[in-house]
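This report refers to the structure that appears directly beneath it.
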Amino acid sequence: MRLTPICIGDTPALLLGPLTVEPPFRSRGIGKALIERAFKDATAKGHKLVVLVGDEPFYGKIGFKRVPKGQMKMPGPVDPARLLVAELAPGAAEGVKGLIRPDWEAVPSP
Ligand SMILES: CC(C)(COP(=O)(O)OP(=O)(O)OC[C@H]1O[C@@H](n2cnc3c(N)ncnc32)[C@H](O)[C@@H]1OP(=O)(O)O)[C@@H](O)C(=O)NCCC(=O)NCCS
């Protein structure tokens with residue numbers, strides 16, 4: 001699982017993905033646990049928002065909600081129903097809008 005620093009407009013956030021659990025280990029709560037761990041670490045570092053492109057039926061159970069249409073925009077074509085956001089602090093997504101792009105200043109150099 002990877003979390004990449006991004007900006008949504010001028011607001012710093014994290015992009016989650018890809019998230020993969022090897023097939024023999026699925027449906028044991030590992031995916032949920034990985035996301036909860038990532039949320040805890042991200043919160044400790046002061047992050048307030050996590051966005052991803054994925055299946056709402058899965059991620060909706062773990063605190064992600066659909067981004068209201070037009071509020072945030074990925075650079076490439078993305079099904080708006082799959083653009084999801086989780087608030088690590090209540091109300092953190094309110095008023096946040098704009099293009100989603102890498103936050104190069106926050107990306108650790110190789
Ligand atoms: C999605 C994925 C990471 C979940 O990992 P996991 O360890 O199985 O997750 P959990 O055990 O915490 O949760 C499993 C539950 O989510 C459900 N679930 C998994 N994928 C789902 C999906 N796409 N839509 C709806 N529910 C889904 C499972 O049916 C299971 O339900 P159950 O508990 O009632 O059996 C794993 O299925 C995977 O690697 N899939 C392929 C890659 C992928 O789709 N990644 C997400 C997009 S970035």
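Every chain in the structure tokens takes a letter, A first, then B, and so on in the order presented; its residues are numbered from 1, and the ligands are numbered from 1 following the presented order.
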List all protein, DNA and RNA residues that have at least one atom no more than 9 Å from any atom of ligand 1, counting only C-alpha atoms and all ligand atoms, and write them as a VMD selection string.
chain A and resid 1 16 to 23 25 to 35 52 to 62
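Of the residues in chain A, those given alpha helix (DSSP H) by DSSP on the backbone are Ile30, Gly31, Lys32, Ala33, Leu34, Ile35, Glu36, Arg37, Ala38, Phe39, Lys40, Asp41, Ala42, Thr43, Ala44, Glu56, Pro57, Phe58 and Tyr59 of chain A.
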Would you save the residues from that selection as a compact mmCIF listing (two decimals), in the first residue's frame, using C-alpha atoms?
```txt
# COMPACT_ATOMS: atom_id res chain seq x y z
CA ILE A 30 -5.96 -7.14 6.45
CA GLY A 31 -7.14 -4.51 3.93
CA LYS A 32 -9.17 -2.71 6.59
CA ALA A 33 -6.32 -2.97 9.11
CA LEU A 34 -3.81 -1.55 6.61
CA ILE A 35 -6.04 1.45 5.95
CA GLU A 36 -6.67 2.03 9.67
CA ARG A 37 -2.91 1.89 10.31
CA ALA A 38 -2.30 4.33 7.44
CA PHE A 39 -4.94 6.72 8.85
CA LYS A 40 -3.31 6.57 12.30
CA ASP A 41 0.18 7.28 10.93
CA ALA A 42 -1.10 10.03 8.62
CA THR A 43 -3.04 11.69 11.47
CA ALA A 44 0.08 11.57 13.68
CA GLU A 56 -17.14 2.76 -2.91
CA PRO A 57 -18.76 -0.49 -1.67
CA PHE A 58 -15.41 -1.47 -0.09
CA TYR A 59 -13.92 1.88 0.90
```
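Each of A:Gly63, A:Pro80, A:Val51, A:Lys45 was checked against A:Arg101 using only C-alpha atoms; the smallest atom-to-atom distance is that of A:Val51.
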Between A:Gly98, A:Pro5, A:Pro108, A:Pro24, which has the minimum distance to A:Pro68 (counting only C-alpha atoms)?
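Closest to A:Pro68, using only C-alpha atoms: A:Gly98.
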